[in-house]
file run00.cif (mmCIF, C-alpha atoms)
data_query
#
loop_
_atom_site.label_atom_id
_atom_site.label_comp_id
_atom_site.auth_asym_id
_atom_site.auth_seq_id
_atom_site.Cartn_x
_atom_site.Cartn_y
_atom_site.Cartn_z
CA MET A 946 13.19 -4.85 20.86
CA LEU A 947 10.14 -2.78 20.02
CA PRO A 948 10.77 0.89 19.25
CA ASN A 949 9.27 3.05 22.02
CA SER A 950 10.14 6.56 20.91
CA LEU A 951 10.27 8.74 17.83
CA PRO A 952 13.39 7.94 15.77
CA ASN A 953 15.97 10.69 15.41
CA SER A 954 15.68 10.49 11.63
CA LEU A 955 13.18 9.05 9.21
CA SER A 956 13.52 7.72 5.69
CA LEU A 957 12.45 10.74 3.67
CA SER A 958 13.58 9.76 0.19
CA LEU A 959 10.69 8.69 -2.04
CA PRO A 960 12.22 7.21 -5.21
CA ASN A 961 9.39 4.66 -5.36
CA PRO A 962 6.25 6.32 -4.05
CA ARG A 963 3.47 3.86 -3.33
CA ARG A 964 0.25 5.84 -3.11
CA CYS A 965 -2.10 3.68 -5.16
CA LEU A 966 -2.18 -0.05 -5.84
CA LEU A 967 -4.42 -0.90 -8.80
CA PHE A 968 -5.88 -4.40 -8.98
CA VAL A 969 -6.43 -6.05 -12.36
CA PRO A 970 -8.08 -9.48 -12.80
CA GLY A 971 -5.64 -12.27 -13.61
CA ALA A 972 -8.26 -13.81 -15.89
CA ARG A 973 -8.23 -10.71 -18.11
CA PRO A 974 -4.78 -10.48 -19.77
CA ASP A 975 -6.25 -7.92 -22.18
CA ARG A 976 -6.41 -5.47 -19.27
CA PHE A 977 -2.81 -5.84 -18.06
CA GLU A 978 -1.34 -3.20 -20.37
CA LYS A 979 -4.26 -0.87 -19.70
CA ALA A 980 -3.57 -1.11 -15.99
CA LEU A 981 0.08 -0.15 -16.50
CA ALA A 982 -1.02 2.76 -18.71
CA THR A 983 -2.68 4.40 -15.67
CA ASN A 984 0.77 5.03 -14.16
CA ALA A 985 -0.44 3.71 -10.82
CA ASP A 986 2.49 3.47 -8.43
CA GLN A 987 1.71 -0.24 -8.07
CA VAL A 988 -0.25 -2.63 -10.28
CA CYS A 989 -1.32 -5.96 -8.78
CA ILE A 990 -2.56 -8.76 -11.03
CA ASP A 991 -5.04 -10.74 -8.96
CA LEU A 992 -4.98 -14.54 -9.05
CA GLU A 993 -7.27 -14.93 -6.05
CA ASP A 994 -10.83 -13.57 -5.94
CA ALA A 995 -10.80 -12.27 -9.52
CA VAL A 996 -10.14 -15.69 -11.11
CA PRO A 997 -12.69 -18.56 -11.34
CA LEU A 998 -11.40 -21.91 -10.12
CA ALA A 999 -11.39 -23.40 -13.62
CA ASP A 1000 -9.13 -20.61 -14.88
CA LYS A 1001 -6.54 -20.58 -12.09
CA VAL A 1002 -3.75 -22.41 -13.95
CA THR A 1003 -4.23 -20.46 -17.19
CA ALA A 1004 -4.34 -17.13 -15.33
CA ARG A 1005 -1.18 -17.98 -13.38
CA ARG A 1006 0.76 -18.71 -16.56
CA ALA A 1007 -0.51 -15.59 -18.35
CA THR A 1008 0.32 -13.43 -15.34
CA LEU A 1009 3.85 -14.72 -14.84
CA ASP A 1010 4.60 -14.54 -18.56
CA PHE A 1011 3.39 -10.94 -18.66
CA ILE A 1012 5.47 -9.97 -15.63
CA ALA A 1013 8.55 -11.61 -17.14
CA ALA A 1014 8.08 -9.76 -20.43
CA ALA A 1015 7.08 -6.38 -18.99
CA GLY A 1016 10.62 -5.19 -18.36
CA ILE A 1017 11.12 -1.76 -16.79
CA CYS A 1018 7.89 0.19 -16.33
CA ARG A 1019 6.78 3.12 -14.23
CA SER A 1020 4.49 1.02 -12.07
CA GLU A 1021 5.75 -1.62 -9.67
CA LEU A 1022 4.17 -4.76 -11.14
CA GLY A 1023 3.29 -7.62 -8.81
CA LEU A 1024 0.60 -10.20 -8.17
CA ARG A 1025 -1.76 -11.44 -5.50
CA ILE A 1026 -1.54 -15.19 -5.17
CA ASN A 1027 -4.15 -17.53 -3.72
CA ARG A 1028 -3.94 -18.03 0.03
CA ALA A 1029 -0.49 -19.41 0.76
CA THR A 1030 -1.80 -22.16 3.07
CA THR A 1031 -3.90 -23.70 0.27
CA ASP A 1032 -2.80 -26.01 -2.54
CA LEU A 1033 -3.48 -23.26 -5.08
CA GLY A 1034 -1.41 -20.76 -3.15
CA ARG A 1035 1.51 -23.12 -2.76
CA ALA A 1036 1.34 -23.88 -6.49
CA ASP A 1037 1.49 -20.13 -7.19
CA LEU A 1038 4.58 -19.77 -5.00
CA VAL A 1039 6.30 -22.81 -6.51
CA ALA A 1040 5.67 -21.44 -10.02
CA ILE A 1041 7.24 -18.11 -9.05
CA ALA A 1042 10.27 -19.71 -7.41
CA SER A 1043 10.93 -22.51 -9.90
CA GLY A 1044 10.55 -20.23 -12.91
CA GLY A 1045 12.90 -17.62 -11.52
CA PHE A 1046 10.23 -14.92 -11.77
CA ARG A 1047 10.87 -11.62 -9.98
CA PRO A 1048 7.65 -9.65 -9.58
CA ALA A 1049 8.03 -6.31 -7.79
CA PHE A 1050 6.00 -7.78 -4.93
CA VAL A 1051 3.79 -10.72 -3.99
CA MET A 1052 0.58 -10.01 -2.10
CA LEU A 1053 -0.51 -12.69 0.36
CA PRO A 1054 -4.27 -12.74 1.05
CA LYS A 1055 -5.90 -13.76 4.32
CA VAL A 1056 -2.71 -13.81 6.37
CA GLU A 1057 -3.42 -14.84 9.96
CA SER A 1058 0.04 -15.08 11.52
CA ALA A 1059 3.73 -14.31 11.19
CA GLU A 1060 4.33 -18.04 10.77
CA GLU A 1061 2.44 -17.95 7.47
CA ILE A 1062 4.88 -15.32 6.20
CA LEU A 1063 7.85 -17.46 7.19
CA GLY A 1064 6.30 -20.42 5.40
CA VAL A 1065 6.14 -18.36 2.21
CA LEU A 1066 9.85 -17.55 2.52
CA ASP A 1067 10.60 -21.28 2.71
CA VAL A 1068 8.99 -21.77 -0.71
CA LEU A 1069 10.40 -18.67 -2.36
CA ASN A 1070 13.86 -19.70 -1.15
CA HIS A 1071 16.36 -16.91 -1.71
CA ALA A 1072 14.25 -14.83 -4.08
CA GLU A 1073 14.36 -11.31 -2.67
CA ILE A 1074 10.74 -10.50 -3.45
CA PRO A 1075 8.93 -7.99 -1.21
CA LEU A 1076 5.71 -9.21 0.39
CA ILE A 1077 2.42 -7.47 1.10
CA ALA A 1078 0.37 -9.13 3.85
CA GLN A 1079 -3.38 -8.71 3.55
CA LEU A 1080 -5.24 -8.76 6.87
CA GLU A 1081 -8.89 -9.74 6.53
CA SER A 1082 -10.13 -10.98 9.91
CA PRO A 1083 -10.32 -9.79 13.53
CA HIS A 1084 -7.64 -12.32 14.48
CA ALA A 1085 -5.33 -10.98 11.79
CA VAL A 1086 -5.78 -7.44 13.10
CA PHE A 1087 -4.78 -8.57 16.59
CA GLU A 1088 -1.70 -10.24 15.05
CA ALA A 1089 -0.81 -7.20 12.91
CA ARG A 1090 2.26 -6.19 14.93
CA LEU A 1091 3.84 -9.63 14.64
CA ILE A 1092 2.95 -9.99 10.97
CA ALA A 1093 4.43 -6.57 10.17
CA ARG A 1094 7.74 -7.55 11.78
CA ALA A 1095 7.85 -11.19 10.64
CA THR A 1096 10.66 -10.46 8.17
CA ARG A 1097 12.30 -7.46 6.56
CA ARG A 1098 10.72 -8.64 3.31
CA VAL A 1099 7.28 -7.45 4.45
CA GLN A 1100 6.88 -4.23 2.46
CA ALA A 1101 3.37 -3.34 3.60
CA LEU A 1102 0.22 -4.45 5.36
CA MET A 1103 -3.10 -4.21 3.55
CA PHE A 1104 -6.53 -3.97 5.11
CA GLY A 1105 -8.97 -6.42 3.54
CA GLY A 1106 -12.02 -4.52 4.67
CA PHE A 1107 -14.88 -6.39 3.04
CA ASP A 1108 -13.91 -9.84 4.31
CA TYR A 1109 -13.16 -8.24 7.68
CA ALA A 1110 -16.63 -6.69 7.79
CA VAL A 1111 -18.29 -10.09 7.37
CA ALA A 1112 -16.10 -11.72 10.02
CA ALA A 1113 -16.47 -8.81 12.47
CA ARG A 1114 -20.25 -8.47 11.94
CA ILE A 1115 -20.04 -4.80 11.00
CA LYS A 1116 -21.08 -2.59 8.10
CA PRO A 1117 -18.28 -2.06 5.55
CA ALA A 1118 -18.14 1.69 6.14
CA TYR A 1119 -15.91 4.28 7.78
CA ASP A 1120 -17.21 3.93 11.35
CA GLY A 1121 -17.25 0.14 11.27
CA TRP A 1122 -13.74 -0.02 9.85
CA LEU A 1123 -12.24 2.67 12.09
CA TRP A 1124 -10.81 0.44 14.82
CA ALA A 1125 -9.26 -2.11 12.47
CA ARG A 1126 -7.80 0.57 10.23
CA GLY A 1127 -6.23 2.29 13.22
CA MET A 1128 -4.72 -0.93 14.55
CA ILE A 1129 -3.26 -1.94 11.18
CA ALA A 1130 -1.91 1.55 10.45
CA ALA A 1131 -0.26 1.72 13.87
CA ALA A 1132 1.35 -1.71 13.45
CA ALA A 1133 2.74 -0.72 10.06
CA ALA A 1134 4.05 2.59 11.38
CA GLU A 1135 5.78 0.85 14.27
CA ALA A 1136 7.48 -1.53 11.82
CA GLU A 1137 8.26 1.41 9.47
CA ILE A 1138 6.56 -0.23 6.50
CA GLY A 1139 3.71 0.85 4.21
CA VAL A 1140 0.02 0.32 4.84
CA ILE A 1141 -2.62 -0.02 2.11
CA ASP A 1142 -6.33 0.69 2.48
CA VAL A 1143 -9.29 -1.23 1.12
CA PRO A 1144 -10.49 -0.04 -2.32
CA SER A 1145 -13.45 2.25 -2.75
CA LEU A 1146 -16.37 0.76 -4.70
CA GLU A 1147 -17.17 4.20 -6.12
CA ILE A 1148 -15.96 4.53 -9.72
CA LYS A 1149 -17.90 7.59 -10.92
CA ASP A 1150 -17.76 10.09 -8.06
CA LEU A 1151 -14.00 10.61 -8.01
CA ALA A 1152 -14.29 13.48 -5.54
CA GLU A 1153 -15.67 10.94 -3.08
CA VAL A 1154 -12.74 8.63 -3.83
CA ALA A 1155 -10.30 11.47 -3.13
CA LEU A 1156 -12.10 12.38 0.10
CA ASP A 1157 -12.06 8.77 1.26
CA THR A 1158 -8.32 8.68 0.53
CA GLN A 1159 -7.67 11.82 2.54
CA ARG A 1160 -9.62 10.44 5.48
CA VAL A 1161 -7.52 7.27 5.67
CA MET A 1162 -4.35 9.32 5.21
CA ASP A 1163 -5.31 10.99 8.49
CA LEU A 1164 -5.24 7.53 10.09
CA GLY A 1165 -1.71 6.87 8.82
CA PHE A 1166 -2.34 4.99 5.58
CA THR A 1167 0.36 5.45 2.96
CA ASN A 1168 -1.46 3.84 0.03
CA LYS A 1169 -5.02 3.16 -1.10
CA SER A 1170 -5.94 0.34 -3.45
CA ALA A 1171 -8.08 0.81 -6.55
CA ILE A 1172 -10.31 -1.51 -8.54
CA HIS A 1173 -10.80 0.70 -11.60
CA PRO A 1174 -8.33 2.75 -13.67
CA ALA A 1175 -10.50 5.86 -13.22
CA GLN A 1176 -9.72 5.89 -9.49
CA VAL A 1177 -5.93 6.01 -9.82
CA ASP A 1178 -5.30 9.69 -10.47
CA ALA A 1179 -7.79 10.79 -7.80
CA ILE A 1180 -6.04 8.62 -5.22
CA GLN A 1181 -2.48 9.53 -6.14
CA ARG A 1182 -3.26 13.25 -6.23
CA ALA A 1183 -4.88 13.02 -2.78
CA PHE A 1184 -1.53 12.04 -1.30
CA LEU A 1185 0.17 15.15 -2.69
CA PRO A 1186 0.44 18.35 -0.62
CA THR A 1187 -1.20 21.60 -1.67
CA SER A 1188 0.89 24.66 -2.54
CA HIS A 1189 -0.12 26.16 0.83
CA GLU A 1190 1.04 23.04 2.70
CA LEU A 1191 4.34 23.11 0.83
CA ALA A 1192 4.91 26.80 1.61
CA TYR A 1193 4.27 26.19 5.31
CA ALA A 1194 6.55 23.12 5.34
CA GLU A 1195 9.37 25.12 3.80
CA LYS A 1196 8.83 27.87 6.37
CA VAL A 1197 9.01 25.30 9.20
CA VAL A 1198 12.26 23.77 7.92
CA ALA A 1199 13.86 27.18 7.44
CA ALA A 1200 12.82 28.32 10.94
CA MET A 1201 14.14 25.17 12.58
CA LYS A 1202 17.44 25.56 10.76
CA ALA A 1203 17.74 29.17 11.89
CA ALA A 1204 16.96 28.11 15.46
CA ASP A 1205 19.57 25.35 15.28
CA GLY A 1206 16.95 22.71 15.95
CA ALA A 1207 15.41 24.36 18.99
CA ALA A 1208 11.63 24.60 19.35
CA ILE A 1209 10.31 27.82 17.86
CA ALA A 1210 7.02 29.51 16.96
CA VAL A 1211 6.02 29.61 13.30
CA ASP A 1212 2.85 31.51 12.37
CA GLY A 1213 1.81 31.45 16.01
CA LYS A 1214 2.25 27.70 16.45
CA LEU A 1215 4.97 25.86 18.35
CA VAL A 1216 7.26 23.85 16.06
CA ASP A 1217 9.72 21.18 17.20
CA ARG A 1218 11.49 18.14 15.78
CA PRO A 1219 8.40 15.97 15.05
CA ILE A 1220 6.78 18.88 13.18
CA GLU A 1221 10.00 19.38 11.24
CA LEU A 1222 10.08 15.72 10.21
CA ALA A 1223 6.50 15.96 8.97
CA ALA A 1224 7.44 19.10 7.03
CA LEU A 1225 10.37 17.34 5.39
CA ARG A 1226 8.02 14.59 4.23
CA VAL A 1227 5.74 17.20 2.68
CA ILE A 1228 8.68 18.70 0.80
CA GLU A 1229 9.70 15.31 -0.56
CA LEU A 1230 6.17 14.49 -1.67
CA ALA A 1231 5.91 17.86 -3.39
CA LYS A 1232 8.61 16.68 -5.81
CA LEU A 1233 5.89 14.47 -7.30
CA GLY A 1234 3.55 17.41 -7.83
CA LEU A 1235 1.00 19.50 -5.95
CA ARG A 1236 -2.61 18.55 -5.39
CA ASP A 1237 -3.94 21.96 -6.45
CA LYS A 1238 -1.68 22.33 -9.48
CA ASP A 1239 -0.85 20.44 -12.66
CA SER A 1240 -2.26 16.88 -12.72
CA LYS A 1241 0.91 15.39 -14.18
CA LEU A 1242 2.32 12.77 -11.81
CA ALA A 1243 5.98 11.98 -12.16
CA ARG A 1244 8.41 10.02 -10.05
CA VAL A 1245 11.29 11.65 -8.29
CA ALA A 1246 14.27 11.68 -10.65
#
call {"tool": "encode", "arguments": {"input": "run00.cif", "output": "structure tokens"}}
result
Amino acid sequence: MLPNSLPNSLSLSLPNPRRCLLFVPGARPDRFEKALATNADQVCIDLEDAVPLADKVTARRATLDFIAAAGICRSELGLRINRATTDLGRADLVAIASGGFRPAFVMLPKVESAEEILGVLDVLNHAEIPLIAQLESPHAVFEARLIARATRRVQALMFGGFDYAVAARIKPAYDGWLWARGMIAAAAAEAEIGVIDVPSLEIKDLAEVALDTQRVMDLGFTNKSAIHPAQVDAIQRAFLPTSHELAYAEKVVAAMKAADGAAIAVDGKLVDRPIELAALRVIELAKLGLRDKDSKLARVA
């Protein structure tokens, strides 16, 4: 049954925040450690677009060996395989399953249906590996609700904006992407999973990267991907509240507690349960740091 109302409680604990997913080319093993050194919440080694056809097998082996040897690290370390419906993609999945590898997640590019997700589970057998489904076509956007709820193993949806732009005959820019972003974010929110935005191509103007991140946050995105280490801190800081936002959130929670959960005015604005839930999220995120304070980013203990 589809949820049709706001839940009474939301998952507010953030032991594994996922604000930025940094891509690193699978054909460049020399960059793997550098990617982890950024402290991105997630690092994704890419075996798809970033690897020439002649290097696919070598990149797969180097990637899986690195993941196996990485051990415990701050970043969640996973990989993007080739499309699961292709021979290369199936070979990637078989290598993961037969070798007993346990990446933090597997990203599936160009997903078009929930059935594709179920087909991946058949190959991975009983490996409890979270999946990220990348939606890159108009059809995939229309199927987003079903894909998001295909299995509890779907951790997040990701918007593949540049492939989508070609298929949808639009410019790869904010206005052209607005409808698809909204649809994907809503589907992910309904399924109570994460949702990752397309990376910014800007690698020098980090203020622009942060602004772009804040704009998609307003649409409901919980994570923005990155294609360069320089983008990581700007993205992850953008998801943090300011000291002013934290102070207001704490005031809201205190007022609601004093009112025993009844709607009440705070600073001239009506506050009720949905506003309180949003305030609690702000307080949890503030444990990671504040956007207008120290730049050190640390996980919740």
call {"tool": "residues_around", "arguments": {"input": "run00.cif", "residues": "Arg964 in chain A", "least_positions_apart": "6", "cutoff": "12 Å", "atoms": "all atoms listed in the file", "output": "MDAnalysis selection string"}}
result
chainID A and resid 984:988 1020:1021 1101 1139:1142 1155 1158:1159 1161:1162 1166:1171 1176:1185 1230 1233 1242 1244
call {"tool": "resolve_selection", "arguments": {"input": "run00.cif", "expression": "the PyMOL selection byres ((chain A and resi 1082) around 10)", "output": "MDAnalysis selection string"}}
result
chainID A and resid 1055:1057 1079:1081 1083:1088 1104:1113 1125
call {"tool": "atom_distance", "arguments": {"input": "run00.cif", "atom1": "CA of Ser1043 in chain A", "atom2": "CA of Ala1007 in chain A"}}
result
15.8 Å
call {"tool": "closest_residue", "arguments": {"input": "run00.cif", "among": "A:Glu993, A:Glu1229, A:Glu1061, A:Glu1190", "to": "Leu1033 in chain A", "atoms": "only C-alpha atoms"}}
result
A:Glu993
call {"tool": "atom_distance", "arguments": {"input": "run00.cif", "atom1": "CA of Ala1118 in chain A", "atom2": "CA of Ser1145 in chain A"}}
result
10.1 Å
call {"tool": "closest_residue", "arguments": {"input": "run00.cif", "among": "A:Leu1102, A:Ala1210, A:Pro1054, A:Thr1096", "to": "Thr1031 in chain A", "atoms": "all atoms listed in the file"}}
result
A:Pro1054
